[in-house]
Each structure stands twice: as C-alpha cells, then as structure tokens.
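Engineer: Contents of entry.txt (compact mmCIF, C-alpha atoms) are below:
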```txt
# COMPACT_ATOMS: atom_id res chain seq x y z
CA MET A 1 110.64 141.69 143.75
CA ILE A 2 111.64 143.97 140.89
CA ILE A 3 114.76 143.97 138.74
CA LEU A 4 115.83 147.45 137.66
CA GLY A 5 118.75 148.30 135.43
CA ASP A 6 120.59 151.37 134.20
CA ILE A 7 122.61 150.59 131.06
CA GLY A 8 125.14 153.34 130.43
CA ASN A 9 127.82 153.63 127.81
CA THR A 10 130.53 152.44 130.21
CA GLU A 11 128.85 150.44 132.95
CA THR A 12 125.53 148.85 133.81
CA LYS A 13 123.93 148.98 137.25
CA ILE A 14 121.40 146.28 138.10
CA CYS A 15 119.39 146.36 141.32
CA LEU A 16 116.95 144.13 143.13
CA VAL A 17 114.17 146.11 144.79
CA ASN A 18 111.69 144.70 147.30
CA ASN A 19 107.99 145.47 147.68
CA ASN A 20 108.85 148.37 150.03
CA ASP A 21 110.88 150.08 147.27
CA LYS A 22 114.16 149.33 149.03
CA ILE A 23 117.26 148.33 147.08
CA THR A 24 118.34 144.95 148.45
CA LYS A 25 121.15 144.18 146.02
CA LYS A 26 123.17 146.27 143.57
CA ILE A 27 125.75 145.08 141.08
CA VAL A 28 127.83 146.95 138.52
CA ILE A 29 129.10 145.25 135.37
CA PRO A 30 130.71 146.52 132.15
CA SER A 31 128.18 147.49 129.48
CA LYS A 32 130.28 145.85 126.80
CA GLY A 33 132.14 142.57 126.72
CA LYS A 34 131.30 139.45 128.71
CA LYS A 35 128.31 140.06 130.96
CA LEU A 36 126.26 136.89 131.25
CA SER A 37 128.87 134.96 133.25
CA LEU A 38 128.97 137.86 135.74
CA LEU A 39 125.17 137.87 136.01
CA ASN A 40 125.15 134.12 136.66
CA LYS A 41 127.75 134.65 139.36
CA TYR A 42 126.02 137.55 141.12
CA PHE A 43 122.49 136.11 140.87
CA LYS A 44 123.45 132.50 141.58
CA LYS A 45 121.21 132.30 144.65
CA LEU A 46 118.35 134.45 143.39
CA ASP A 47 114.91 132.88 143.24
CA PHE A 48 113.93 134.16 139.80
CA SER A 49 110.32 133.05 140.37
CA SER A 50 110.01 135.91 142.89
CA ILE A 51 110.50 138.54 140.16
CA ASP A 52 107.29 140.14 138.89
CA LYS A 53 108.59 143.28 137.11
CA ILE A 54 111.70 144.14 135.11
CA LEU A 55 112.49 147.67 133.98
CA PHE A 56 115.59 149.15 132.34
CA CYS A 57 116.74 152.48 131.04
CA SER A 58 119.36 152.12 128.36
CA VAL A 59 121.56 154.11 126.01
CA VAL A 60 123.15 150.95 124.54
CA PRO A 61 120.48 149.09 122.52
CA SER A 62 122.60 145.98 121.88
CA THR A 63 123.30 145.49 125.59
CA TYR A 64 119.63 146.01 126.45
CA LYS A 65 118.59 143.33 123.95
CA GLU A 66 121.10 140.92 125.45
CA LEU A 67 119.99 141.52 129.03
CA LYS A 68 116.33 141.50 128.06
CA ARG A 69 116.76 138.04 126.57
CA TYR A 70 118.78 136.83 129.58
CA PHE A 71 116.24 137.90 132.20
CA TYR A 72 113.25 136.70 130.21
CA ASN A 73 114.83 133.25 129.93
CA LYS A 74 115.34 133.25 133.70
CA THR A 75 112.00 134.73 134.82
CA LYS A 76 109.52 134.51 131.90
CA VAL A 77 108.64 138.10 132.86
CA ARG A 78 108.47 140.74 130.16
CA CYS A 79 111.33 143.23 130.34
CA HIS A 80 110.35 146.88 129.75
CA GLU A 81 112.50 149.80 128.63
CA LEU A 82 111.57 153.08 130.32
CA LYS A 83 110.55 154.93 127.15
CA GLU A 84 108.04 152.17 126.32
CA LEU A 85 105.94 153.27 129.30
CA ASN A 86 103.33 156.04 129.35
CA LEU A 87 105.59 158.52 131.12
CA LYS A 88 103.28 161.48 130.55
CA LYS A 89 101.32 160.31 133.57
CA ILE A 90 104.20 161.41 135.80
CA LEU A 91 106.33 163.73 133.67
CA LYS A 92 105.65 166.27 130.95
CA ILE A 93 108.42 165.96 128.36
CA ASP A 94 109.01 169.16 126.40
CA VAL A 95 111.74 167.82 124.05
CA ASN A 96 112.23 165.46 121.10
CA TYR A 97 111.22 162.23 122.83
CA LYS A 98 113.16 159.98 120.44
CA GLN A 99 116.45 161.75 121.09
CA VAL A 100 116.51 162.19 124.86
CA GLY A 101 118.26 159.39 126.75
CA SER A 102 116.04 157.27 128.96
CA ASP A 103 118.59 157.54 131.79
CA ARG A 104 118.07 161.31 131.79
CA LEU A 105 114.31 160.84 131.92
CA ALA A 106 114.72 158.43 134.84
CA ASN A 107 116.75 161.07 136.68
CA ALA A 108 114.03 163.64 136.08
CA ILE A 109 111.29 161.28 137.25
CA SER A 110 113.26 160.62 140.43
CA VAL A 111 113.20 164.23 141.63
CA THR A 112 110.11 165.73 140.00
CA GLN A 113 108.00 167.80 142.38
CA LYS A 114 105.14 170.02 141.33
CA ASN A 115 106.42 173.22 142.95
CA LYS A 116 110.21 172.76 142.74
CA ASN A 117 112.77 173.18 139.96
CA PHE A 118 115.89 171.09 139.50
CA ILE A 119 119.10 171.00 137.52
CA ILE A 120 120.50 167.47 137.46
CA LEU A 121 124.24 167.40 136.75
CA ASP A 122 125.44 163.94 135.74
CA PHE A 123 129.19 163.23 135.55
CA GLY A 124 128.96 160.21 133.27
CA THR A 125 130.50 159.29 129.94
CA ALA A 126 129.25 162.74 128.96
CA THR A 127 128.75 165.60 131.42
CA THR A 128 125.05 166.42 131.19
CA PHE A 129 122.73 169.04 132.64
CA ASP A 130 118.98 168.34 132.73
CA VAL A 131 116.46 171.06 133.50
CA LEU A 132 113.24 170.24 135.32
CA ILE A 133 110.67 172.95 136.08
CA GLY A 134 107.96 171.45 138.26
CA ASN A 135 106.99 168.20 136.54
CA ASN A 136 108.06 169.52 133.14
CA TYR A 137 111.29 168.17 131.65
CA LYS A 138 112.52 171.17 129.62
CA GLY A 139 115.66 169.65 128.07
CA GLY A 140 119.33 169.96 128.81
CA ILE A 141 122.96 170.36 127.85
CA ILE A 142 125.50 167.72 126.83
CA SER A 143 129.19 168.53 127.23
CA PRO A 144 132.30 166.32 126.97
CA GLY A 145 132.77 163.74 129.70
CA ILE A 146 135.70 164.35 132.04
CA GLN A 147 137.29 160.91 131.88
CA ILE A 148 136.97 160.65 128.10
CA SER A 149 138.50 164.11 127.73
CA LEU A 150 141.39 163.18 130.03
CA ASN A 151 142.01 159.95 128.11
CA THR A 152 141.84 161.70 124.74
CA LEU A 153 144.34 164.34 125.84
CA SER A 154 146.91 161.78 126.97
CA ASP A 155 146.31 159.62 123.88
CA LYS A 156 146.79 162.50 121.45
CA ALA A 157 149.56 164.41 123.25
CA SER A 158 152.74 162.35 123.47
CA LEU A 159 154.21 164.19 126.46
CA ILE A 160 151.07 164.11 128.62
CA PRO A 161 150.79 160.95 130.74
CA LYS A 162 147.65 159.27 132.05
CA ILE A 163 146.50 161.41 134.96
CA ASP A 164 144.00 160.75 137.73
CA LEU A 165 141.98 163.86 138.41
CA LYS A 166 142.19 165.31 141.93
CA LYS A 167 141.05 168.49 143.60
CA ILE A 168 143.70 171.17 143.30
CA THR A 169 143.82 174.43 145.27
CA LYS A 170 146.15 176.47 143.06
CA VAL A 171 145.30 177.44 139.51
CA ILE A 172 148.84 177.78 138.09
CA GLY A 173 150.45 174.36 137.65
CA LYS A 174 154.17 173.84 138.26
CA ASP A 175 154.51 170.67 136.18
CA THR A 176 152.53 168.77 133.55
CA THR A 177 150.46 166.79 136.02
CA SER A 178 149.40 169.77 138.14
CA ALA A 179 148.77 171.87 135.03
CA VAL A 180 146.43 169.25 133.57
CA ARG A 181 144.70 168.73 136.91
CA SER A 182 144.18 172.48 137.22
CA GLY A 183 142.86 172.78 133.69
CA PHE A 184 140.32 170.03 134.17
CA PHE A 185 139.32 170.76 137.76
CA TRP A 186 138.98 174.53 137.46
CA GLY A 187 137.94 174.35 133.82
CA TYR A 188 134.99 172.09 134.56
CA THR A 189 134.16 174.06 137.69
CA GLY A 190 133.91 177.17 135.54
CA LEU A 191 131.90 175.34 132.88
CA ILE A 192 129.42 174.10 135.48
CA ASP A 193 128.98 177.48 137.16
CA ASN A 194 128.57 179.24 133.82
CA VAL A 195 126.02 176.76 132.45
CA VAL A 196 123.96 176.90 135.66
CA ASN A 197 123.95 180.71 135.54
CA LEU A 198 122.90 180.69 131.88
CA ILE A 199 120.05 178.27 132.64
CA LYS A 200 118.82 180.55 135.43
CA LYS A 201 119.09 183.59 133.18
CA GLU A 202 117.23 181.94 130.31
CA THR A 203 114.42 180.47 132.42
CA LYS A 204 114.24 183.26 135.03
CA LYS A 205 113.88 180.52 137.64
CA SER A 206 115.81 179.37 140.69
CA PHE A 207 116.87 175.74 140.96
CA ASN A 208 117.89 172.99 143.35
CA ILE A 209 121.04 171.33 141.96
CA ILE A 210 121.60 167.59 142.20
CA THR A 211 124.83 165.90 141.13
CA THR A 212 125.41 162.27 140.30
CA GLY A 213 128.00 160.10 138.57
CA GLY A 214 131.67 159.29 139.00
CA PHE A 215 133.13 162.77 139.55
CA SER A 216 130.20 164.20 141.52
CA LYS A 217 132.04 163.83 144.84
CA LEU A 218 135.12 165.64 143.52
CA PHE A 219 133.15 168.71 142.42
CA LYS A 220 130.59 168.76 145.24
CA ASN A 221 132.22 171.60 147.22
CA SER A 222 133.94 173.46 144.40
CA ILE A 223 130.82 174.60 142.56
CA SER A 224 129.66 178.05 143.69
CA LYS A 225 126.05 176.86 144.10
CA LYS A 226 124.91 174.55 146.88
CA VAL A 227 124.43 171.04 145.53
CA LYS A 228 123.08 167.73 146.76
CA ARG A 229 124.75 164.51 145.64
CA ASN A 230 122.65 161.43 144.79
CA ASN A 231 124.26 158.46 143.06
CA ASP A 232 121.07 156.37 143.15
CA ILE A 233 118.98 158.97 141.33
CA THR A 234 118.51 156.89 138.16
CA ILE A 235 117.48 153.75 140.01
CA ASN A 236 115.12 155.79 142.20
CA GLY A 237 113.50 157.16 139.05
CA LEU A 238 113.05 153.62 137.75
CA ILE A 239 111.44 152.62 141.05
CA LYS A 240 108.86 155.40 140.63
CA ALA A 241 108.32 154.56 136.95
CA SER A 242 107.84 150.86 137.69
CA LYS A 243 104.46 151.73 139.24
CA LEU A 244 103.26 152.30 135.65
CA ILE A 245 103.75 148.60 134.85
CA LYS A 246 100.54 146.69 135.48
```
Show me the file's structure as structure tokens.
Structural biologist:
Amino acid sequence: MIILGDIGNTETKICLVNNNDKITKKIVIPSKGKKLSLLNKYFKKLDFSSIDKILFCSVVPSTYKELKRYFYNKTKVRCHELKELNLKKILKIDVNYKQVGSDRLANAISVTQKNKNFIILDFGTATTFDVLIGNNYKGGIISPGIQISLNTLSDKASLIPKIDLKKITKVIGKDTTSAVRSGFFWGYTGLIDNVVNLIKKETKKSFNIITTGGFSKLFKNSISKKVKRNNDITINGLIKASKLIK
C-alpha cells in the first residue's frame, strides 16, 4: 500500500493506493489547524505495517513537516516530497525548478504524453494554467483565486455581502448579488478564454484542456474550448511518480 498526499494552501488530500494503483481511501483535512486528531480518526483501522511508500506534494512546508513526522512515527517508512525525486526521468522541466509548485508538477506528470499537448487549469487557492508540450513542462500562469477574490471583495466593500458563486445567464446584474456573480462568472470565463488563446498564439500549438479544483464544475461548459474535468489529477500524478521510489 502507498500513502499519497496533496498539501494545498487550504486543504490537504490524503489517499491510500493499492498495488494496482487504485485509490482505496481518500480523506480531506484542513492544511492548517488541528490535523493529527483527524488523521487518527480516519486511519484508526489502518494496518500501518502494510505501507511501503509515502509520497507528498506540498506548497505548505510546515504542514508537510508535521505530516512527515506523523507518518514516519506510524510506519517507519521514509516520507518523500515530489521534488526530491529524479523527475527528469518522466518529465522535462523547462522552468525555475525551485519556484514551481510540486502540485503543478504532479498535475503535469499525470497527463504527460509524448505526442499530446495540455493546458491544465486548476481552480485552487490561485487560478493556475500549466502548459505541457509533449513531456516538456513549459511553465504557466498564476492568477487570483476565485474564492479568495470573492472573500476580499466582501471584506473590503461594506455594502457587498458574502456571495456564493453560481452560473448566471445574463451579463447585466439587477442587484448587488447578481452583479457580483456576473462579474466573477463572466469575468473569469473571459480571463480563461483569453489566456488559452494567448498560450496557443505564443506556442503555435493546439492543446487538450483539463480542469480541476473547486470551481472546475461551474466553468466546465462556459469556456469556449472543449475541456475535460479531472479532480484526481494531482493524486494520479503522484501515483505515476511513486514508481521512481525504490
């Protein structure tokens, strides 16, 4: 059995994967705050002696250190972080290696195919675009996250309440709520379409587009390009990368 984890700024996904690369258990916990009591609860019946590999991708170093210590104490198995592995065996990385998030590399590893190009659009704490040409990770774009932007707007503007984002058919809002929903829904739709077009123009390539993250379902049918949604993309990348651990 393998333990795989994706530590994001907001939440952490931890999965158990069997020898056939199938996810047998998935839990989601907050990346900050009390975590160990939740892990003890969710893994109460787990036979930790059955674990032979542990691999994480992380953008929160303090949380990774805490979970690394927790799982080592339980399993006595070394915990690896994705960027510690020799990723060049499966992915050519054409960017500043120290500055690219390991979650974004995991996403790229998940879909890499020699003769196909991908744009991975991740609706996470930030809204990110990652560009993959064949097995070459070319880099990407980081734009403001939707939920953080919504929260900031309501926090800073006294007359704008907390709003849950929904799909809206009309552009012109008739009240504050519909106006904000329109601005965010159609604003991000336009941002996505424009960025994708600029990537295609700059690279002179065509791309398959994959979306993931919290708002991926909301935008799936509003983007002008055909997209495929995959919310296990990061974990699937970790599954492939775990083969590098001997």
Engineer: Have a look at A:Lys34, A:Lys240, A:His80, A:Lys217 and name the one nearest to Ser110 (chain A); count only C-alpha atoms.
Structural biologist: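 Nearest candidate to Ser110 (chain A) out of A:Lys34, A:Lys240, A:His80, A:Lys217: A:Lys240.
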Engineer: Measure the distance from CA of Val17 (chain A) to CA of Arg104 (chain A) in Å and round it to one decimal.
Structural biologist: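 CA of Arg104 (chain A) lies at a distance of 20.4 Å from CA of Val17 (chain A).
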Engineer: Extract, using all atoms listed in the file, all DNA, RNA and protein residues at most 10 Å from Tyr70 (chain A), discarding same-chain residues fewer than 6 positions from it, and format them as a compact mmCIF listing (two decimals) with C-alpha atoms, in the coordinates of the input.
Structural biologist:
```txt
# COMPACT_ATOMS: atom_id res chain seq x y z
CA LEU A 36 126.26 136.89 131.25
CA LEU A 39 125.17 137.87 136.01
CA ASN A 40 125.15 134.12 136.66
CA TYR A 64 119.63 146.01 126.45
CA LYS A 76 109.52 134.51 131.90
CA CYS A 79 111.33 143.23 130.34
```
Engineer: Under the rule that all atoms listed in the file are counted, which of A:Ile120, A:Asn9, A:Ile93, A:Ala108 is the nearest residue to Val59 (chain A)?
Structural biologist: A:Asn9
Engineer: Counting all atoms listed in the file, which residues sit no farther than 7 Å from the position (121.5, 153.1, 130.6) in the file's frame? I'd like them as a list in words.
Structural biologist: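 Here is the list of nearby residues: Asp6, Ile7, Gly8, Asn9, Thr12, Cys57, Ser58, Val59, Val60 and Asp103 of chain A.
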Engineer: I'd like the neighbourhood of region 201-203 of chain A as a list in words, where a residue qualifies if any of its atoms comes within 12 Å (using all atoms listed in the file), though same-chain residues fewer than 2 positions away should be ignored.
Structural biologist: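 Contacts, with the query itself left out: Asn117, Phe118, Ile119, Val131, Leu132, Ile133, Lys138, Gly139, Asn194, Val195, Val196, Asn197, Leu198, Ile199, Lys205, Ser206 and Phe207 of chain A.
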Engineer: I need the residue nearest Val111 (chain A) from this list: A:Asp130, A:Asp94, A:Glu11, A:Asp193. Use only C-alpha atoms for the distance.
Structural biologist: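 Result for the nearest residue to Val111 (chain A): A:Asp130.
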Engineer: So what do you get for CA of Phe219 (chain A) versus CA of Asp122 (chain A), distance-wise?
Structural biologist: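 CA of Asp122 (chain A) lies 11.3 Å from CA of Phe219 (chain A).
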Engineer: Between CA of Gly140 (chain A) and CA of Thr128 (chain A), what is the spacing in Å?
Structural biologist: 7.1 Å
Engineer: Which polymer residues have any atom within 9 Å of an atom of Thr176 (chain A), counting all atoms listed in the file, with same-chain residues fewer than 6 positions away left out, as a PDB file with C-alpha atoms, keeping the file's coordinate frame?
Structural biologist:
```
ATOM      1  CA  LEU A 159     154.210 164.190 126.460  1.00  0.00           C
ATOM      2  CA  ILE A 160     151.070 164.110 128.620  1.00  0.00           C
ATOM      3  CA  PRO A 161     150.790 160.950 130.740  1.00  0.00           C
TER       4      PRO A 161
END
```
Engineer: Select, from A:Glu84, A:Ile109, A:Lys204, A:Ile141, the residue with the minimum atom-to-atom distance to Tyr97 (chain A), counting all atoms listed in the file.
Structural biologist: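 Residue with the minimum atom-to-atom distance to Tyr97 (chain A): A:Glu84.
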Engineer: If we count all atoms listed in the file and set the cut-off at 7 Å, which residues sit around region 177-190 of chain A, ignoring sequence neighbours fewer than 6 positions away in its own chain? Please answer as JSON, numbers by chain.
Structural biologist: {"A": [163, 165, 166, 167, 168, 171, 222, 223]}
Engineer: Which one is closest to Val100 (chain A): A:Met1, A:Ile142, A:Leu244, A:Ile14? Count all atoms listed in the file.
Structural biologist: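 That would be A:Ile142, the residue with the smallest distance to Val100 (chain A).
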Engineer: Which residues, written as a list of chain:residue names, have at least one atom at most 9 Å from Gly134 (chain A), with only C-alpha atoms counted and residues fewer than 4 positions away on the same chain left out?
Structural biologist: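 The neighbour list is A:Thr112, A:Gln113, A:Lys114, A:Asn115, A:Lys116, A:Asn117, A:Phe118.
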